[in-house]
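Working notes for the structure below.
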Amino acid sequence: MVDTLSKNPRVTGFATLHRSTIGRKMIMAVSGLIMLAYVVAHMLGNLKIFFGETDYNGYADWLRTIGEPALHHAWFLWIIRVVLTVALVAHVWAAYTLSRADLKARPVKYQARRKGGFATSTMRWGGVILLLFIVYHILDLTTGTLNPSDADHPYQRIVADFQPDRWYVTLFYTLAMGSLCLHIWHGLWSAANTLGWNRATTASFRTLASVVAVAIAVGFLVIPFSVVFGLVD
Ligand code: HEM
């Protein structure tokens with residue numbers, strides 16, 4: 001895990017990309033944007049829940065038929081799962097190694113703990129919350145293992161999940177969506193910097209990043225709260 005950037009600024013090939021600081025930042029930015037594209041599509045798709053049980057469960061079934069007959073049943077979904085897993089592993093690996101390099105580069109060695117800025121801590125702890133959330137969420141709504149309902153369909157699982165007496169599940173989802181909002185807000189900003197997109201329009205890009213982040217968090221959260229308040233049942 002050697003940072004070769006200072007020794008070799010001409011990092012060109014993909015094979016050497018992962019060794020340099022800028023290469024790792026690019027890996028973080030691109031993998032983050034891939035996951036962001038999924039999150040936006042997932043949030044918009046979830047809103048179909050407001051069209052009722054048949055439409056929502058039909059949408060979940062349709063996701064498994066995309067690409068047929070060229071692709072077999074659920075292959076498209078599996079391709080997405082593989083892409084997301086690779087993106088997630090690359091993202092976490094780059095974040096971890098970049099933060100270790102950052103720690104090592106500090107001139108003041110005697111300090112036992114390094115306090116990062118607000119954004120750094122938010123990204124680290126928010127990232128950990130999101131990782132825990134993703135594991136719980138898949139066991140809850142995809143496999144149904146941790147879901148209180150025996151139903152095989154996502155609509156019934158969602159309704160069972162966010163009943164008022166299971167307030168702690170709604171609370172955890174709210175915490176995770178709050179972390180997601182901050183993560184996207186800061187992450188979009190960092191990605192744009194890394195990829196050199198926002199030099200000309202700094203203030204407007206910040207506004208855009210905030211709007212996207214808040215819209216995604218609110219778009220997800222309306223579902224649990226609609227169940228809690230009986231609008232989806
Ligand atoms: C209240 C918010 C959310 C709701 C109601 C929700 C709903 C669902 C449902 C119903 C499924 C299962 C779909 C199916 O099996 O057809 C699912 C899967 C999944 N969700 Fe969410 N989701 C929410 C938020 C999120 C967020 C914020 C993320 C990412 C950070 C996320 C990532 C995933 C992933 C990775 C899967 C697994 C997809 C698969 O492999 O089939 N979800 N979600």
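Order determines the names: the first chain of the structure tokens is A, the second B, and so forth; residues in each chain are numbered 1 upward, and ligands are numbered 1 upward as they are shown.
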
Fill in: Shell of 7 Å around ligand 1 (only C-alpha atoms and all ligand atoms), written as a ChimeraX atom specification
/A:39,42-43,46,60-61,77,81,130,134,137-138,141-142,154-155,158,173,177,180,220-221,223-224

Closest of A:Phe225, A:Ala192, A:His153, A:Thr85 to Thr174 (chain A), counting only C-alpha atoms, is A:Phe225

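The protein and nucleic acid residues lying at most 12 Å from Val169 (chain A) are Phe133, Tyr136, His137, Asp140, Leu146, Asn147, Pro148, Ile158, Val159, Ala160, Asp161, Phe162, Gln163, Leu175, Ala176, Pro224, Phe225, Val227 and Val228 of chain A, with only C-alpha atoms considered and sequence neighbours fewer than 6 positions away removed.
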